[in-house]
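Visitor: Handing over work.txt, compact mmCIF, C-alpha atoms.
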# COMPACT_ATOMS: atom_id res chain seq x y z
CA MET A 1 -201.53 -18.71 -64.16
CA ARG A 2 -202.65 -15.08 -64.11
CA ARG A 3 -202.58 -13.79 -60.52
CA ASN A 4 -202.61 -9.99 -60.86
CA VAL A 5 -205.47 -7.54 -60.42
CA LEU A 6 -204.33 -4.11 -61.58
CA ILE A 7 -205.99 -0.79 -60.68
CA PHE A 8 -204.87 2.19 -62.74
CA HIS A 9 -205.34 5.60 -61.14
CA ALA A 10 -203.81 8.91 -62.16
CA GLY A 11 -205.96 11.40 -60.22
CA ALA A 12 -205.52 13.45 -57.06
CA LEU A 13 -205.13 12.01 -53.56
CA GLY A 14 -208.76 12.46 -52.51
CA ASP A 15 -210.07 10.75 -55.65
CA PHE A 16 -207.53 7.97 -55.13
CA ILE A 17 -208.65 7.34 -51.55
CA LEU A 18 -212.27 7.06 -52.69
CA THR A 19 -211.25 4.00 -54.75
CA TRP A 20 -209.98 2.12 -51.70
CA PRO A 21 -213.23 0.20 -51.06
CA LEU A 22 -212.79 -1.25 -54.55
CA ALA A 23 -209.25 -2.41 -53.75
CA LEU A 24 -210.46 -3.95 -50.48
CA ALA A 25 -213.37 -5.64 -52.27
CA LEU A 26 -211.10 -7.10 -54.93
CA GLY A 27 -208.78 -8.40 -52.22
CA ARG A 28 -211.72 -10.20 -50.62
CA LEU A 29 -212.98 -11.63 -53.91
CA HIS A 30 -209.53 -12.71 -55.12
CA PRO A 31 -207.64 -13.81 -51.98
CA GLN A 32 -204.98 -15.63 -54.01
CA SER A 33 -204.30 -12.67 -56.29
CA ARG A 34 -202.00 -9.69 -56.03
CA ILE A 35 -203.93 -6.40 -55.88
CA VAL A 36 -201.63 -3.85 -57.52
CA TYR A 37 -202.21 -0.11 -57.92
CA VAL A 38 -200.55 1.54 -60.90
CA SER A 39 -200.27 5.09 -59.62
CA ALA A 40 -197.86 7.79 -58.54
CA ALA A 41 -195.33 6.41 -56.08
CA GLY A 42 -196.50 8.52 -53.14
CA LYS A 43 -200.07 7.29 -53.46
CA GLY A 44 -198.90 3.74 -54.00
CA ARG A 45 -196.85 3.74 -50.80
CA LEU A 46 -199.82 5.11 -48.89
CA ALA A 47 -202.13 2.38 -50.22
CA GLU A 48 -199.55 -0.26 -49.32
CA LYS A 49 -199.31 1.06 -45.77
CA ALA A 50 -203.05 1.57 -45.30
CA LEU A 51 -204.50 -1.39 -47.18
CA GLY A 52 -201.73 -3.96 -47.48
CA VAL A 53 -201.94 -3.91 -51.29
CA GLU A 54 -199.05 -3.67 -53.75
CA TRP A 55 -198.19 -0.84 -56.12
CA THR A 56 -196.01 0.04 -59.06
CA ASP A 57 -194.89 3.51 -60.01
CA GLY A 58 -197.17 4.86 -62.73
CA GLU A 59 -194.33 7.06 -63.97
CA ALA A 60 -191.97 4.14 -64.57
CA GLY A 61 -192.57 3.62 -68.26
CA TRP A 62 -196.36 3.20 -68.21
CA HIS A 63 -196.74 6.26 -70.46
CA LYS A 64 -195.82 3.90 -73.30
CA LEU A 65 -199.42 2.67 -73.19
CA TYR A 66 -200.40 5.93 -74.89
CA GLU A 67 -198.10 5.23 -77.85
CA PRO A 68 -199.10 2.96 -80.76
CA ASP A 69 -197.53 -0.44 -80.20
CA GLY A 70 -195.91 0.90 -77.02
CA VAL A 71 -193.28 -1.26 -75.34
CA LEU A 72 -193.32 -1.33 -71.53
CA PRO A 73 -190.27 -1.99 -69.35
CA PRO A 74 -189.96 -5.71 -68.51
CA ALA A 75 -191.44 -5.39 -65.02
CA GLY A 76 -194.54 -3.60 -66.27
CA ALA A 77 -194.96 -5.95 -69.20
CA LYS A 78 -194.90 -8.94 -66.85
CA LEU A 79 -197.47 -7.37 -64.52
CA LEU A 80 -199.81 -6.93 -67.46
CA ALA A 81 -199.14 -10.35 -68.93
CA ASP A 82 -199.96 -11.96 -65.58
CA ALA A 83 -203.16 -9.91 -65.02
CA HIS A 84 -206.57 -11.55 -65.05
CA SER A 85 -208.44 -8.31 -64.25
CA ILE A 86 -207.70 -4.65 -64.92
CA TYR A 87 -209.68 -1.73 -63.51
CA THR A 88 -208.83 1.71 -64.83
CA PHE A 89 -209.80 5.21 -63.72
CA VAL A 90 -207.36 6.76 -66.19
CA ALA A 91 -209.44 9.00 -68.44
CA GLY A 92 -206.74 9.04 -71.09
CA CYS A 93 -207.24 5.34 -71.68
CA GLU A 94 -210.06 6.30 -74.01
CA ALA A 95 -207.90 8.32 -76.40
CA GLY A 96 -209.68 8.21 -79.72
CA ASN A 97 -213.08 6.78 -78.83
CA PRO A 98 -213.82 5.03 -75.53
CA PRO A 99 -214.39 1.31 -75.25
CA SER A 100 -218.03 0.59 -74.61
CA PRO A 101 -219.59 -2.16 -72.57
CA SER A 102 -221.33 -5.29 -73.44
CA PRO A 103 -221.73 -8.30 -71.19
CA CYS A 104 -218.73 -9.01 -68.97
CA THR A 105 -216.52 -11.18 -71.11
CA GLN A 106 -212.79 -11.63 -71.20
CA GLY A 107 -210.88 -9.12 -73.25
CA GLU A 108 -213.72 -6.61 -73.55
CA GLY A 109 -213.82 -3.15 -72.00
CA ILE A 110 -216.82 -2.76 -69.69
CA ARG A 111 -218.40 0.69 -69.33
CA ALA A 112 -221.70 1.40 -67.59
CA GLY A 113 -224.51 3.33 -69.21
CA GLU A 114 -223.75 2.71 -72.89
CA PRO A 115 -225.51 0.30 -75.23
CA ALA A 116 -224.22 -3.18 -75.84
CA GLY A 117 -222.72 -3.71 -79.24
CA ALA A 118 -220.92 -0.36 -79.37
CA LEU A 119 -217.65 -2.17 -78.82
CA ALA A 120 -217.04 -2.10 -82.56
CA SER A 121 -216.19 1.62 -82.36
CA ALA A 122 -212.54 2.71 -82.39
CA GLU A 123 -210.99 1.65 -79.10
CA GLY A 124 -208.10 4.01 -78.54
CA VAL A 125 -204.39 3.53 -78.29
CA TRP A 126 -204.38 2.78 -74.56
CA MET A 127 -206.94 0.01 -74.79
CA ASN A 128 -205.33 -1.50 -77.85
CA ASN A 129 -202.04 -1.76 -75.99
CA ILE A 130 -203.71 -3.24 -72.92
CA ARG A 131 -205.37 -5.94 -75.00
CA ARG A 132 -202.16 -6.68 -76.81
CA LEU A 133 -200.07 -6.92 -73.62
CA ALA A 134 -202.72 -8.51 -71.38
CA PRO A 135 -204.58 -10.87 -73.72
CA GLY A 136 -207.61 -12.42 -72.09
CA ALA A 137 -207.67 -10.04 -69.13
CA LYS A 138 -211.02 -8.56 -68.16
CA VAL A 139 -210.77 -4.78 -68.53
CA VAL A 140 -213.17 -2.53 -66.61
CA VAL A 141 -213.16 1.15 -67.57
CA LEU A 142 -214.46 3.34 -64.74
CA GLU A 143 -215.26 7.03 -64.93
CA PRO A 144 -213.44 8.94 -62.18
CA ARG A 145 -216.09 11.67 -61.88
CA PRO A 146 -219.88 11.62 -62.30
CA ALA A 147 -221.73 14.08 -64.52
CA GLU A 148 -222.64 17.51 -63.16
CA GLY A 149 -225.70 17.32 -60.91
CA TYR A 150 -225.32 13.61 -60.09
CA GLY A 151 -226.33 14.26 -56.47
CA GLN A 152 -225.45 10.93 -54.82
CA ALA A 153 -222.31 9.82 -53.02
CA TRP A 154 -219.36 8.96 -55.25
CA GLY A 155 -219.38 5.42 -53.88
CA GLU A 156 -222.86 4.91 -55.34
CA PHE A 157 -221.57 6.16 -58.69
CA LEU A 158 -218.82 3.55 -58.55
CA ILE A 159 -221.24 0.76 -57.66
CA GLU A 160 -223.55 1.78 -60.50
CA GLN A 161 -220.66 1.43 -62.92
CA LEU A 162 -220.10 -2.11 -61.65
CA SER A 163 -223.67 -3.19 -62.37
CA ALA A 164 -222.47 -5.75 -64.92
CA MET A 165 -220.38 -7.32 -62.13
CA PRO A 166 -222.83 -7.74 -59.21
CA ALA A 167 -220.40 -9.65 -56.98
CA VAL A 168 -217.83 -6.86 -57.22
CA GLY A 169 -220.43 -4.14 -56.79
CA GLU A 170 -221.93 -5.79 -53.71
CA SER A 171 -218.50 -6.30 -52.16
CA VAL A 172 -217.67 -2.63 -52.75
CA ARG A 173 -220.94 -1.69 -51.06
CA GLN A 174 -220.10 -3.84 -48.04
CA MET A 175 -216.61 -2.38 -47.77
CA THR A 176 -217.97 1.15 -48.01
CA MET A 177 -220.48 0.40 -45.27
CA ALA A 178 -217.71 -1.00 -43.07
CA VAL A 179 -215.61 2.14 -43.55
CA ASN A 180 -218.61 4.32 -42.71
CA GLN A 181 -219.33 2.30 -39.58
CA ARG A 182 -215.89 1.90 -38.05
CA GLY A 183 -213.27 3.53 -40.25
CA LEU A 184 -210.44 1.95 -42.09
CA ARG A 185 -208.82 -1.16 -40.69
CA CYS A 186 -205.35 -0.73 -42.03
CA GLY A 187 -202.67 -3.10 -43.17
CA ARG A 188 -202.41 -6.84 -43.21
CA GLY A 189 -203.01 -7.07 -39.46
CA GLY A 190 -206.37 -5.32 -39.76
CA LEU A 191 -205.56 -2.97 -36.89
CA PRO A 192 -207.65 0.20 -36.52
CA VAL A 193 -206.02 3.53 -37.26
CA GLY A 194 -206.96 6.86 -35.76
CA ALA A 195 -207.03 5.89 -32.11
CA GLY A 196 -207.10 9.61 -31.27
CA GLY A 197 -204.76 11.59 -29.06
CA GLY A 198 -205.40 14.92 -27.47
CA ASP A 199 -204.90 17.40 -30.30
CA VAL A 200 -206.67 18.57 -33.43
CA VAL A 201 -205.07 18.65 -36.88
CA ILE A 202 -206.00 21.43 -39.30
CA HIS A 203 -205.11 21.34 -42.99
CA ALA A 204 -206.02 24.68 -44.57
CA GLY A 205 -204.98 23.87 -48.13
CA ALA A 206 -206.56 22.14 -51.12
CA GLY A 207 -205.80 21.36 -54.74
CA SER A 208 -207.57 24.55 -55.84
CA PRO A 209 -207.59 27.95 -54.06
CA ARG A 210 -211.33 28.13 -54.76
CA LYS A 211 -211.86 25.19 -52.38
CA CYS A 212 -210.08 26.88 -49.46
CA TRP A 213 -211.77 28.48 -46.46
CA PRO A 214 -209.89 31.69 -45.59
CA VAL A 215 -206.75 31.16 -43.53
CA ASP A 216 -207.87 33.82 -41.03
CA ARG A 217 -210.94 31.70 -40.25
CA TYR A 218 -208.75 28.67 -39.60
CA VAL A 219 -206.60 30.76 -37.25
CA GLU A 220 -209.71 31.92 -35.38
CA LEU A 221 -210.97 28.33 -35.21
CA ALA A 222 -207.64 27.08 -33.86
CA CYS A 223 -207.73 29.69 -31.10
CA ARG A 224 -211.21 28.56 -30.10
CA ILE A 225 -210.15 24.92 -30.07
CA LYS A 226 -207.27 25.76 -27.74
CA ASP A 227 -209.23 28.13 -25.51
CA GLN A 228 -212.56 26.33 -25.25
CA LEU A 229 -211.67 22.69 -25.81
CA GLY A 230 -208.27 22.91 -24.17
CA ARG A 231 -206.68 20.92 -26.98
CA PRO A 232 -203.47 21.75 -28.82
CA VAL A 233 -203.59 22.25 -32.57
CA ARG A 234 -201.26 21.06 -35.32
CA MET A 235 -201.25 22.86 -38.66
CA ALA A 236 -200.40 20.36 -41.41
CA ILE A 237 -198.69 22.04 -44.36
CA GLY A 238 -198.28 20.14 -47.62
CA GLU A 239 -195.84 20.61 -50.43
CA VAL A 240 -198.27 22.73 -52.48
CA GLU A 241 -198.86 25.10 -49.58
CA GLN A 242 -195.15 25.40 -48.88
CA GLU A 243 -194.58 26.40 -52.50
CA THR A 244 -197.50 28.82 -52.91
CA TRP A 245 -198.30 30.40 -49.55
CA SER A 246 -196.56 33.60 -48.52
CA GLY A 247 -194.46 34.01 -45.42
CA ASP A 248 -197.26 36.09 -43.87
CA VAL A 249 -199.73 33.22 -44.22
CA MET A 250 -197.28 30.78 -42.67
CA GLU A 251 -196.65 33.15 -39.77
CA LYS A 252 -200.39 33.45 -39.10
CA LEU A 253 -200.75 29.69 -38.99
CA ALA A 254 -197.73 29.36 -36.72
CA THR A 255 -199.37 31.66 -34.17
CA ALA A 256 -202.38 29.34 -34.02
CA GLY A 257 -200.72 25.93 -33.79
CA LYS A 258 -197.64 23.84 -34.25
CA ILE A 259 -196.60 23.66 -37.90
CA VAL A 260 -195.98 20.13 -39.18
CA ARG A 261 -194.74 19.37 -42.68
CA PRO A 262 -195.28 15.69 -43.55
CA ALA A 263 -192.70 14.68 -46.15
CA SER A 264 -194.97 12.04 -47.72
CA TYR A 265 -198.53 10.76 -47.64
CA VAL A 266 -197.38 7.99 -45.32
CA ASP A 267 -196.00 10.63 -42.94
CA LEU A 268 -199.31 12.47 -43.20
CA MET A 269 -201.13 9.30 -42.19
CA ALA A 270 -198.84 9.01 -39.18
CA GLU A 271 -199.69 12.59 -38.18
CA LEU A 272 -203.40 11.91 -38.51
CA SER A 273 -203.28 8.60 -36.66
CA THR A 274 -202.71 10.33 -33.31
CA ALA A 275 -205.30 13.11 -33.77
CA ALA A 276 -208.49 13.46 -31.78
CA GLY A 277 -210.04 15.66 -34.46
CA TYR A 278 -209.45 17.18 -37.86
CA VAL A 279 -210.73 20.12 -39.91
CA GLY A 280 -209.96 20.76 -43.58
CA ASN A 281 -211.28 21.68 -47.00
CA ASP A 282 -212.43 19.23 -49.67
CA SER A 283 -208.96 17.75 -50.12
CA GLY A 284 -206.96 14.54 -50.02
CA PRO A 285 -205.87 14.89 -46.37
CA THR A 286 -209.52 15.39 -45.37
CA HIS A 287 -210.53 12.17 -47.11
CA LEU A 288 -207.65 10.33 -45.49
CA ALA A 289 -208.49 11.57 -41.98
CA ALA A 290 -212.16 10.68 -42.37
CA MET A 291 -211.52 7.19 -43.72
CA MET A 292 -209.04 6.51 -40.92
CA GLY A 293 -211.80 7.12 -38.38
CA VAL A 294 -210.58 10.49 -37.11
CA ALA A 295 -213.42 12.84 -36.12
CA ALA A 296 -213.34 15.08 -39.19
CA VAL A 297 -215.08 18.21 -40.43
CA ALA A 298 -214.93 18.80 -44.20
CA LEU A 299 -215.64 22.26 -45.62
CA PHE A 300 -217.14 22.44 -49.10
CA GLY A 301 -217.51 25.38 -51.45
CA PRO A 302 -217.60 24.86 -55.23
CA THR A 303 -217.82 21.07 -54.97
CA ASP A 304 -220.95 19.16 -53.97
CA ALA A 305 -220.75 17.60 -50.51
CA ALA A 306 -223.50 15.15 -51.46
CA VAL A 307 -221.15 13.62 -54.03
CA TRP A 308 -217.70 14.13 -52.51
CA ARG A 309 -218.41 13.67 -48.81
CA PRO A 310 -215.51 11.66 -47.34
CA PRO A 311 -216.47 8.17 -46.15
CA GLY A 312 -215.89 7.57 -42.45
CA PRO A 313 -217.67 6.93 -39.15
CA ARG A 314 -217.31 10.43 -37.67
CA VAL A 315 -217.61 12.96 -40.48
CA GLY A 316 -219.39 16.29 -40.54
CA CYS A 317 -219.72 18.43 -43.68
CA ILE A 318 -220.45 22.14 -43.99
CA SER A 319 -221.10 23.81 -47.33
CA GLY A 320 -221.05 27.47 -48.28
CA TRP A 321 -220.38 29.51 -51.38
CA PRO A 322 -218.50 31.73 -51.42
CA MET A 323 -216.62 29.91 -48.70
CA GLU A 324 -216.32 33.14 -46.70
CA THR A 325 -219.98 32.58 -45.81
CA ILE A 326 -219.07 29.56 -43.66
CA ASP A 327 -219.10 30.72 -40.04
CA VAL A 328 -216.40 29.83 -37.52
CA ASP A 329 -219.06 29.08 -34.88
CA ALA A 330 -220.71 26.53 -37.17
CA VAL A 331 -217.40 24.76 -37.86
CA TYR A 332 -216.47 24.70 -34.18
CA GLU A 333 -219.84 23.28 -33.17
CA LYS A 334 -219.66 20.65 -35.91
CA LEU A 335 -216.18 19.63 -34.74
CA VAL A 336 -217.33 19.27 -31.14
CA GLY A 337 -220.27 17.19 -32.32
CA VAL A 338 -218.25 14.69 -34.34
CA MET A 339 -215.60 14.40 -31.60
CA ASN A 340 -218.34 13.47 -29.12
CA ARG A 341 -219.70 10.62 -31.28
What's the structure tokens form of this structure?

Guide:
Amino acid sequence: MRRNVLIFHAGALGDFILTWPLALALGRLHPQSRIVYVSAAGKGRLAEKALGVEWTDGEAGWHKLYEPDGVLPPAGAKLLADAHSIYTFVAGCEAGNPPSPSPCTQGEGIRAGEPAGALASAEGVWMNNIRRLAPGAKVVVLEPRPAEGYGQAWGEFLIEQLSAMPAVGESVRQMTMAVNQRGLRCGRGGLPVGAGGGDVVIHAGAGSPRKCWPVDRYVELACRIKDQLGRPVRMAIGEVEQETWSGDVMEKLATAGKIVRPASYVDLMAELSTAAGYVGNDSGPTHLAAMMGVAAVALFGPTDAAVWRPPGPRVGCISGWPMETIDVDAVYEKLVGVMNR
């Protein structure tokens, strides 16, 4: 009996977190199945801690799916053989030509927005291997990013792609609404996270320097939080920032708040779980804080807040380009507003 539902994801942390309503929806729809992320180990451990799902390391031999007649390690091969459903956000799965959708039938790739009958086109090495190793499994190919100018929330883009599977799409919608109303209810016990302590966490980094508000503005904001709100500030520094920021930048941040260096995404979640508020750029930690229910302010520059706004019950977004045009007063007032919700 096939019991596995696999979700392939190879993107950044923020994009990964946006897929969580899908994992929660699939868990509801398939209560007797194992929901398993195939992703980088750090993201997998975070999803296990936050959602109670399983994971397998996407770097443990899964690259063989990109090779003709690739042979997976035994553990991966068994996961695939026992899968009844596979959802993939891995863009490379369409090497060659992408699989195209037709009605939702076993063994076919489902893709929204393309005409039925196009399935006869070349399917790509990845999909050929999936069909060979997981015969009979339903395979759903999902685009990780909408086209330029989409203009709606990413969650709507996901639901649109699931139009051929109305039960899944509706469950995703319900899970997204629940996250927006009360935040994530983490783990198998369903306990709320982000109870809120007395301090504010600031994460000044992002995957791209273009998405970063100037560090000096974060320092000024931290001083206002301490002076006017009377709350201590923690500066969360990730691995990328530790590798790329100069000693001068780190010293500036240290003058404004306590430096914390979470060693993993799970450690980052622990840091955020005690925060009363959070401020950061369009980044993975910002999405995590918002979804956990922490009062969060997300700063957007080159990316569209209408599309990439983090789901969560207490989220405020401010956009400006160049990002130097975003005013410290506006960020402070937005933070106070979401913390008072």

Visitor: What's the 12 Å shell around Pro73 (chain A), counting all atoms listed in the file, without same-chain residues fewer than 5 positions away, as a list in words?

Guide: Thr56, Asp57, Gly58, Glu59, Ala60, Gly61, Trp62, His63, Lys64, Leu65, Lys78, Leu79, Leu80 and Leu133 of chain A

Visitor: Please measure the separation of CA of Ala204 (chain A) and CA of Met250 (chain A), giving the value in Å to one decimal.

Guide: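 Atom-to-atom, CA of Ala204 (chain A) to CA of Met250 (chain A), that is 10.8 Å.
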
Visitor: What's the separation between CA of Leu142 (chain A) and CA of Val38 (chain A), in Å to one decimal place?

Guide: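 Distance between the two atoms: 14.5 Å.
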
Visitor: Tell me, in Å to one decimal, how far CA of Arg145 (chain A) is from CA of Phe157 (chain A).

Guide: 8.4 Å

Visitor: If we count all atoms listed in the file and set the cut-off at 8 Å, which residues sit around region 168-173 of chain A, ignoring sequence neighbours fewer than 4 positions away in its own chain? Please answer as a list of chain:residue names.

Guide: A:Pro21, A:Leu22, A:Leu24, A:Ala25, A:Leu26, A:Arg28, A:Leu29, A:Gly155, A:Ile159, A:Glu160, A:Leu162, A:Ser163, A:Met177

Visitor: Find the residue from A:Tyr278, A:Trp213, A:Trp245, A:Tyr37 that sits nearest to Met292 (chain A); use only C-alpha atoms when measuring.

Guide: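 Between A:Tyr278, A:Trp213, A:Trp245, A:Tyr37, the residue approaching Met292 (chain A) most closely is A:Tyr278.
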
Visitor: Name all residues at most 8 Å from Pro144 (chain A) (count all atoms listed in the file; drop same-chain ones fewer than 2 positions away) and give them as number ranges by chain.

Guide: A: 15, 89-91, 142, 146

Visitor: Could you name the residues that touch Gln32 (chain A) at 8 Å or less, counting all atoms listed in the file, but leaving out those on the same chain fewer than 2 positions away, as a PyMOL selection string?

Guide: chain A and resi 3+30+34

Visitor: Between A:Glu243, A:Val294, A:Gly277, A:Val125, which one has atoms that come closest to Leu229 (chain A), using all atoms listed in the file?

Guide: A:Gly277

Visitor: List as JSON, numbers by chain the protein and nucleic acid residues near Arg132 (chain A), meaning an atom at most 10 Å away when all atoms listed in the file are counted, but skip any in the same chain fewer than 2 places from it.

Guide: {"A": [69, 70, 80, 81, 107, 126, 127, 128, 129, 130, 134, 135, 136]}
